[in-house]
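One file, work_6.cif, carrying mmCIF, C-alpha atoms:
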data_run
#
loop_
_atom_site.group_PDB
_atom_site.id
_atom_site.type_symbol
_atom_site.label_atom_id
_atom_site.label_comp_id
_atom_site.auth_asym_id
_atom_site.auth_seq_id
_atom_site.Cartn_x
_atom_site.Cartn_y
_atom_site.Cartn_z
ATOM 1 C CA MET A 1 -55.122 93.401 -0.778
ATOM 2 C CA ILE A 2 -55.225 89.990 -2.456
ATOM 3 C CA VAL A 3 -51.907 90.710 -4.163
ATOM 4 C CA LEU A 4 -50.390 91.629 -0.798
ATOM 5 C CA LEU A 5 -51.633 88.380 0.782
ATOM 6 C CA GLY A 6 -50.257 86.399 -2.156
ATOM 7 C CA LEU A 7 -46.900 88.096 -1.817
ATOM 8 C CA LEU A 8 -46.766 87.433 1.922
ATOM 9 C CA SER A 9 -47.681 83.791 1.331
ATOM 10 C CA ALA A 10 -44.965 83.391 -1.275
ATOM 11 C CA VAL A 11 -42.372 84.671 1.190
ATOM 12 C CA ALA A 12 -43.651 83.070 4.399
ATOM 13 C CA LEU A 13 -44.576 79.577 3.171
ATOM 14 C CA PRO A 14 -41.040 78.424 2.272
ATOM 15 C CA ARG A 15 -39.781 79.689 5.621
ATOM 16 C CA PHE A 16 -42.542 77.830 7.454
ATOM 17 C CA VAL A 17 -41.751 74.586 5.606
ATOM 18 C CA GLY A 18 -38.062 75.081 6.417
ATOM 19 C CA LEU A 19 -38.893 75.498 10.097
ATOM 20 C CA GLN A 20 -40.784 72.201 10.115
ATOM 21 C CA ARG A 21 -37.800 70.393 8.613
ATOM 22 C CA ASP A 22 -35.460 72.050 11.114
ATOM 23 C CA ALA A 23 -37.726 70.918 13.960
ATOM 24 C CA ARG A 24 -37.678 67.311 12.702
ATOM 25 C CA VAL A 25 -33.879 67.364 12.312
ATOM 26 C CA ASN A 26 -33.520 68.734 15.845
ATOM 27 C CA ALA A 27 -35.853 66.039 17.210
ATOM 28 C CA VAL A 28 -33.760 63.302 15.557
ATOM 29 C CA GLN A 29 -30.552 64.815 16.928
ATOM 30 C CA HIS A 30 -32.147 65.125 20.371
ATOM 31 C CA LEU A 31 -33.171 61.461 20.321
ATOM 32 C CA ALA A 32 -29.663 60.444 19.227
ATOM 33 C CA GLY A 33 -28.258 62.330 22.222
ATOM 34 C CA ALA A 34 -30.789 60.674 24.523
ATOM 35 C CA VAL A 35 -29.915 57.198 23.180
ATOM 36 C CA HIS A 36 -26.188 57.898 23.608
ATOM 37 C CA THR A 37 -26.608 59.178 27.165
ATOM 38 C CA SER A 38 -28.988 56.394 28.107
ATOM 39 C CA ALA A 39 -26.696 53.677 26.735
ATOM 40 C CA HIS A 40 -23.844 55.014 28.855
ATOM 41 C CA LEU A 41 -25.914 55.455 32.015
ATOM 42 C CA VAL A 42 -27.371 51.961 31.732
ATOM 43 C CA SER A 43 -23.896 50.591 31.004
ATOM 44 C CA MET A 44 -22.507 52.246 34.145
ATOM 45 C CA LYS A 45 -25.350 50.812 36.207
ATOM 46 C CA CYS A 46 -24.694 47.375 34.717
ATOM 47 C CA ARG A 47 -20.986 47.560 35.542
ATOM 48 C CA VAL A 48 -21.708 48.211 39.234
ATOM 49 C CA THR A 49 -24.520 45.636 39.518
ATOM 50 C CA ALA A 50 -23.502 42.144 40.616
ATOM 51 C CA GLY A 51 -23.792 39.635 37.759
ATOM 52 C CA CYS A 52 -24.463 42.229 35.075
ATOM 53 C CA GLY A 53 -21.798 42.614 32.449
ATOM 54 C CA SER A 54 -19.671 39.766 33.796
ATOM 55 C CA THR A 55 -20.717 37.627 30.823
ATOM 56 C CA ARG A 56 -21.473 38.339 27.164
ATOM 57 C CA SER A 57 -25.220 38.539 27.768
ATOM 58 C CA SER A 58 -27.090 39.569 30.900
ATOM 59 C CA THR A 59 -30.211 41.365 32.100
ATOM 60 C CA LEU A 60 -30.418 44.596 34.071
ATOM 61 C CA THR A 61 -33.452 45.727 36.051
ATOM 62 C CA LEU A 62 -34.040 49.470 35.822
ATOM 63 C CA PRO A 63 -35.293 51.568 38.766
ATOM 64 C CA ASP A 64 -38.834 51.521 37.289
ATOM 65 C CA GLY A 65 -38.812 47.703 37.417
ATOM 66 C CA GLN A 66 -38.398 47.100 33.680
ATOM 67 C CA SER A 67 -35.733 44.678 32.505
ATOM 68 C CA VAL A 68 -33.248 45.481 29.760
ATOM 69 C CA ALA A 69 -31.283 42.833 27.890
ATOM 70 C CA MET A 70 -27.586 43.711 27.948
ATOM 71 C CA LEU A 71 -24.744 42.668 25.651
ATOM 72 C CA TRP A 72 -21.177 43.394 26.715
ATOM 73 C CA SER A 73 -22.551 45.817 29.348
ATOM 74 C CA TYR A 74 -24.575 47.867 26.832
ATOM 75 C CA PRO A 75 -28.299 47.601 25.999
ATOM 76 C CA GLU A 76 -29.139 45.101 23.257
ATOM 77 C CA ALA A 77 -30.798 46.026 19.991
ATOM 78 C CA GLY A 78 -33.026 44.235 17.526
ATOM 79 C CA SER A 79 -32.790 40.841 19.154
ATOM 80 C CA GLY A 80 -36.426 40.648 20.135
ATOM 81 C CA GLN A 81 -35.339 41.199 23.721
ATOM 82 C CA PRO A 82 -36.268 44.446 25.487
ATOM 83 C CA GLY A 83 -33.228 46.629 24.952
ATOM 84 C CA ILE A 84 -32.271 50.219 24.191
ATOM 85 C CA GLU A 85 -35.841 51.197 23.268
ATOM 86 C CA ARG A 86 -36.850 50.714 26.914
ATOM 87 C CA THR A 87 -34.408 53.338 28.098
ATOM 88 C CA VAL A 88 -35.570 56.385 26.073
ATOM 89 C CA ASP A 89 -38.802 58.237 25.345
ATOM 90 C CA THR A 90 -39.735 57.323 21.772
ATOM 91 C CA THR A 91 -42.767 59.605 21.444
ATOM 92 C CA GLY A 92 -43.057 60.659 17.792
ATOM 93 C CA PHE A 93 -40.864 57.797 16.603
ATOM 94 C CA GLU A 94 -41.643 54.320 15.330
ATOM 95 C CA VAL A 95 -39.284 51.661 16.681
ATOM 96 C CA VAL A 96 -38.277 48.988 14.159
ATOM 97 C CA TRP A 97 -35.783 46.139 14.261
ATOM 98 C CA PRO A 98 -34.370 45.578 10.743
ATOM 99 C CA SER A 99 -31.879 42.985 11.973
ATOM 100 C CA HIS A 100 -31.091 41.022 15.107
ATOM 101 C CA TRP A 101 -28.491 43.625 16.089
ATOM 102 C CA GLN A 102 -30.087 46.975 15.186
ATOM 103 C CA THR A 103 -32.850 49.148 16.553
ATOM 104 C CA VAL A 104 -34.030 52.042 14.380
ATOM 105 C CA PHE A 105 -36.087 54.963 15.657
ATOM 106 C CA ARG A 106 -37.953 56.506 12.670
ATOM 107 C CA MET A 107 -39.695 59.869 12.912
ATOM 108 C CA THR A 108 -43.289 59.127 11.980
ATOM 109 C CA SER A 109 -44.131 62.684 10.838
ATOM 110 C CA ALA A 110 -41.210 62.963 8.408
ATOM 111 C CA PRO A 111 -41.754 62.958 4.642
ATOM 112 C CA ASP A 112 -39.509 59.851 4.525
ATOM 113 C CA PRO A 113 -39.358 58.235 7.992
ATOM 114 C CA ALA A 114 -36.763 55.682 6.854
ATOM 115 C CA THR A 115 -34.262 58.494 6.274
ATOM 116 C CA CYS A 116 -35.232 60.626 9.246
ATOM 117 C CA ALA A 117 -34.020 58.253 11.891
ATOM 118 C CA VAL A 118 -31.563 57.182 14.567
ATOM 119 C CA THR A 119 -29.963 53.741 14.284
ATOM 120 C CA TYR A 120 -28.498 51.999 17.325
ATOM 121 C CA ALA A 121 -26.333 48.945 16.610
ATOM 122 C CA GLN A 122 -25.531 46.887 19.689
ATOM 123 C CA ALA A 123 -22.041 46.113 20.971
ATOM 124 C CA GLY A 124 -20.250 43.815 18.545
ATOM 125 C CA ALA A 125 -21.527 45.650 15.470
ATOM 126 C CA ASN A 126 -18.917 46.802 12.971
ATOM 127 C CA PRO A 127 -18.888 50.111 11.066
ATOM 128 C CA ASP A 128 -19.095 48.196 7.764
ATOM 129 C CA GLY A 129 -22.551 46.907 8.738
ATOM 130 C CA THR A 130 -21.490 43.413 9.762
ATOM 131 C CA VAL A 131 -21.744 42.014 13.258
ATOM 132 C CA ASP A 132 -19.618 39.584 15.207
ATOM 133 C CA ASN A 133 -19.799 38.188 18.715
ATOM 134 C CA GLY A 134 -17.871 41.119 20.090
ATOM 135 C CA THR A 135 -15.682 41.207 23.151
ATOM 136 C CA ALA A 136 -15.812 42.765 26.595
ATOM 137 C CA ASP A 137 -14.346 45.918 24.989
ATOM 138 C CA SER A 138 -17.100 46.183 22.347
ATOM 139 C CA ARG A 139 -19.204 49.333 22.142
ATOM 140 C CA TYR A 140 -22.434 50.172 20.379
ATOM 141 C CA LEU A 141 -22.612 52.247 17.192
ATOM 142 C CA LEU A 142 -24.979 55.185 16.749
ATOM 143 C CA ASN A 143 -25.937 56.773 13.443
ATOM 144 C CA THR A 144 -28.349 59.533 12.481
ATOM 145 C CA ASP A 145 -29.855 60.118 9.054
ATOM 146 C CA THR A 146 -31.716 63.389 8.558
ATOM 147 C CA SER A 147 -31.778 63.416 4.756
ATOM 148 C CA GLY A 148 -35.501 62.591 4.679
ATOM 149 C CA CYS A 149 -36.618 64.933 7.419
#

Final structure tokens representation of the file:
Amino acid sequence: MIVLLGLLSAVALPRFVGLQRDARVNAVQHLAGAVHTSAHLVSMKCRVTAGCGSTRSSTLTLPDGQSVAMLWSYPEAGSGQPGIERTVDTTGFEVVWPSHWQTVFRMTSAPDPATCAVTYAQAGANPDGTVDNGTADSRYLLNTDTSGC
């Protein structure tokens, strides 16, 4: 009986651990999709709201009354202003701002939260990691890292 339980444990445990990792990866991918969708919905609302998006920097009031800082018609990130993090449910994630132009959502339950994360870089960010002032045509960048999930 004990041998049978040991054998079952040896087979089931790795599968269970794999399922936990898969769940964390899926949660990160889900959040990335939510951030992407939210950034576009908020951007569309900004573009049809008088005064929003007509300059480099503006503020948009959401239907729930919260304000979101906008940059080139997309939510800001990392600037200390309320931005993209106000537009998504971050339950299970720690929100950090490593720079004035990035917001990172780290999964708190991951073995390595820093590499189980979604990074949103505001409009004007460049793929090489630098940032400039951007233009009216600038878009945000979104990156997921699931290597530490």

- request: Apply the PyMOL selection byres ((chain A and resi 72-77) around 8) to the file shown and report the selected residues as number ranges by chain.
  value: A: 39-40, 42-43, 46-47, 52-53, 55-58, 68-71, 78-85, 97, 100-103, 120-123, 134-140

9 Å contact set for segment 110-117 of chain A, all atoms listed in the file, chain neighbours under 5 positions out, as a PDB file with C-alpha atoms, in the frame of the given file:
ATOM      1  CA  ARG A  21     -37.800  70.393   8.613  1.00  0.00           C
ATOM      2  CA  ARG A  24     -37.678  67.311  12.702  1.00  0.00           C
ATOM      3  CA  VAL A  25     -33.879  67.364  12.312  1.00  0.00           C
ATOM      4  CA  VAL A  28     -33.760  63.302  15.557  1.00  0.00           C
ATOM      5  CA  GLN A  29     -30.552  64.815  16.928  1.00  0.00           C
ATOM      6  CA  ALA A  32     -29.663  60.444  19.227  1.00  0.00           C
ATOM      7  CA  PHE A  93     -40.864  57.797  16.603  1.00  0.00           C
ATOM      8  CA  GLU A  94     -41.643  54.320  15.330  1.00  0.00           C
ATOM      9  CA  VAL A 104     -34.030  52.042  14.380  1.00  0.00           C
ATOM     10  CA  PHE A 105     -36.087  54.963  15.657  1.00  0.00           C
ATOM     11  CA  ASN A 143     -25.937  56.773  13.443  1.00  0.00           C
ATOM     12  CA  THR A 144     -28.349  59.533  12.481  1.00  0.00           C
ATOM     13  CA  ASP A 145     -29.855  60.118   9.054  1.00  0.00           C
ATOM     14  CA  THR A 146     -31.716  63.389   8.558  1.00  0.00           C
ATOM     15  CA  SER A 147     -31.778  63.416   4.756  1.00  0.00           C
ATOM     16  CA  GLY A 148     -35.501  62.591   4.679  1.00  0.00           C
ATOM     17  CA  CYS A 149     -36.618  64.933   7.419  1.00  0.00           C
TER      18      CYS A 149
END

Coordinates-based distance that separates atom CA of Thr90 of chain A from atom CA of Asp22 of chain A (Å, one decimal): 18.7 Å

- prompt: Separation of atom CA of Leu19 of chain A and atom CA of Val35 of chain A, in Å?
  reply: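 Separation of atom CA of Leu19 of chain A and atom CA of Val35 of chain A: 24.2 Å.
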
- request: Using atom CA of His36 of chain A and atom CA of Leu142 of chain A as the two end points, give the distance in Å to one decimal.
  value: 7.5 Å

message: Nearest residue to Val131 of chain A out of A:Ser99, A:His30, A:Pro63, A:Asp89, using all atoms listed in the file?
response: A:Ser99
